[in-house]
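Visitor: Here you go, one structure.
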Amino acid sequence: MTTVDAGQPAPVATERRRPIGLLLVAVPVFLVIWLVIWPIISAVITTIWVRTPEGSAFSIETYRFFFSDGYSLANLSMTLWTTGVCAILLLIVCLPIALYLRFSDTKVAAYVQGLAIFPMFVPSIILSFALIRVLGPNGMVDILLNSVGLPKIRTPYLTPWGPVIGLVWDNIPLTVLILLSGLGSVSNQAVEAARDVGAGRIALLWHIILPRISNSILVAISFAVLGIFSAFTLPYILGPAAPEMMGPFMQRTFRDLYDPQTAITQAVITFGFCIVFGLFYVRSVAKNRTP
């Protein structure tokens with residue numbers, strides 16, 4: 001006679017639930033394959049299988065041109081520089097905010113959290129023109145400096161620092177929320193125990209807090225990098241005309257130069273860099289799910 005443990009589901013019930021679970025998963029998986037994976041595969045095929053007067057043939061000429069063209073490499077370097085600077089600044093700005101929100105129980109913390117989340121509800125186009133009105137030539141900052149007899153500042157508008165300021169401000173909410181979620185795994189008892197044995201703030205941060213939120217930091221940086229690397233609106237409005245980030249570069253190549261083949265090649269190269277950071281996120285999620 002077969003017995004079933006009280007704490008274990010019956011085998012028949014488990015087998016019945018499997019088809020339902022697979023059907024629920026099938027729809028989003030199909031959409032991901034249709035809207036994400038297939039366009040990527042199609043783009044790669046389009047760039048390496050080129051149509052010629054004699055027919056179609058394998059060619060990597062567009063990739064060879066990109067990596068031999070000084071202007072294209074300058075745009076790629078600009079994108080990598082902006083992404084790296086934004087990632088570092090986001091960590092420097094958001095980690096103290098998340099730490100304050102996690103360990104503070106004052107009313108001020110609620111206002112700080114509201115201010116940190118506020119950029120999430122501001123569209124990028126509005127943010128761009130707001131920064132122009134504040135930091136641009138003859139903007140609010142210039143007017144205030146002139147009113148007290150101080151010289152004008154060198155505006156970051158239309159310089160590489162323009163997109164950096166906008167992208168950092170735009171990515172603060174998501175970064176703070178992810179870090180704050182990771183800090184939830186740091187118990188107050190562990191912090192108090194470390195303080196009881198004489199750990200200072202630096203030692204507490206380095207030996208107790210950071211090891212427990214390392215995955216959250218990696219996830220936050222991965223999300224920020226993926227968004228910044230492919231950003232378009234803020235770099236297009238706030239950044240210089242040359243060199244430019246890959247988002248405006250692809251758009252200008254496609255619309256102004258009427259060269260879709262080269263634009264798709266730029267998109268594939270951009271995806272190649274983004275997938276590296278995406279793998280860090282996937283690895284982090286898989287590591288957390290490993291028993």
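Chain labels A, B, ... are given in the sequence in which chains occur in the structure tokens; within each chain residues are numbered consecutively from 1, and ligands are likewise numbered from 1 in the order shown.
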Could you give me, as a ChimeraX atom specification, the residues within 10 Å of Trp161 (chain A), counting only C-alpha atoms and dropping anything in the same chain fewer than 4 positions from it?

Guide: /A:82,85-86,155-157,165-167,235,238-240

Visitor: Those same residues - C-alpha atoms - I'd like them written as a compact mmCIF listing (two decimals), in the first residue's frame.

Guide:
# COMPACT_ATOMS: atom_id res chain seq x y z
CA THR A 82 29.23 57.85 -20.40
CA VAL A 85 30.82 57.38 -15.40
CA CYS A 86 27.05 57.15 -14.86
CA THR A 155 27.37 74.96 -18.95
CA PRO A 156 27.40 71.15 -19.30
CA TYR A 157 24.72 71.47 -21.99
CA ILE A 165 23.78 64.57 -15.44
CA GLY A 166 20.46 63.70 -17.06
CA LEU A 167 21.02 59.93 -17.11
CA PRO A 235 21.90 62.06 -25.14
CA LEU A 238 21.68 67.27 -24.00
CA GLY A 239 24.78 65.78 -25.64
CA PRO A 240 27.21 67.12 -28.23

Visitor: Write out as a list of chain:residue names which residues come within 12 Å of region 197-206 of chain A when counting only C-alpha atoms, dropping same-chain ones fewer than 4 positions away.

Guide: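 Once the nearby chain positions are removed, what remains is A:Leu95, A:Pro96, A:Leu99, A:Leu183, A:Val186, A:Asn188, A:Ala190, A:Val191, A:Glu192, A:Ala193, A:Leu210, A:Pro211, A:Arg212, A:Ile213, A:Ser214.
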
Visitor: Dump as JSON lines the rows for residues of region 143-188 of chain A within 12 Å of region 243-247 of chain A: closest atom pair and distance in Å with one decimal, only C-alpha atoms counted, ordered by chain and rising residue number.

Guide:
{"residue": "A:Leu158", "atom": "CA", "partner": "A:Glu244", "partner_atom": "CA", "distance": 10.2}
{"residue": "A:Thr159", "atom": "CA", "partner": "A:Pro243", "partner_atom": "CA", "distance": 9.6}
{"residue": "A:Pro160", "atom": "CA", "partner": "A:Glu244", "partner_atom": "CA", "distance": 8.4}
{"residue": "A:Trp161", "atom": "CA", "partner": "A:Glu244", "partner_atom": "CA", "distance": 11.8}
{"residue": "A:Gly162", "atom": "CA", "partner": "A:Glu244", "partner_atom": "CA", "distance": 11.6}
{"residue": "A:Pro163", "atom": "CA", "partner": "A:Met245", "partner_atom": "CA", "distance": 9.3}
{"residue": "A:Val164", "atom": "CA", "partner": "A:Met245", "partner_atom": "CA", "distance": 11.2}

Visitor: List every residue of region 50-136 of chain A that DSSP, applied to the backbone of this structure, assigns to alpha helix (DSSP H), and report them as an NGL selection string.

Guide: :A and (61-68 or 70-103 or 107-117 or 124-135)

Visitor: Quick one, how far is CA of Ala74 (chain A) from CA of Ile125 (chain A)?

Guide: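 Distance reported for this atom pair: 25.5 Å.
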
Visitor: Excluding region 265-280 of chain A and its own-chain neighbours fewer than 6 positions away, which residues fall within 8 Å of it when counting only C-alpha atoms? Please give them as a ChimeraX atom specification.

Guide: /A:40,43-44,47,62-63,66,218-219,222-223,225-226,229-230,246,250

Visitor: From the set A:Phe249, A:Trp169, A:Phe58, A:Phe232, which residue has the shortest atom-to-atom contact distance to Leu131 (chain A), counting only C-alpha atoms?

Guide: A:Trp169
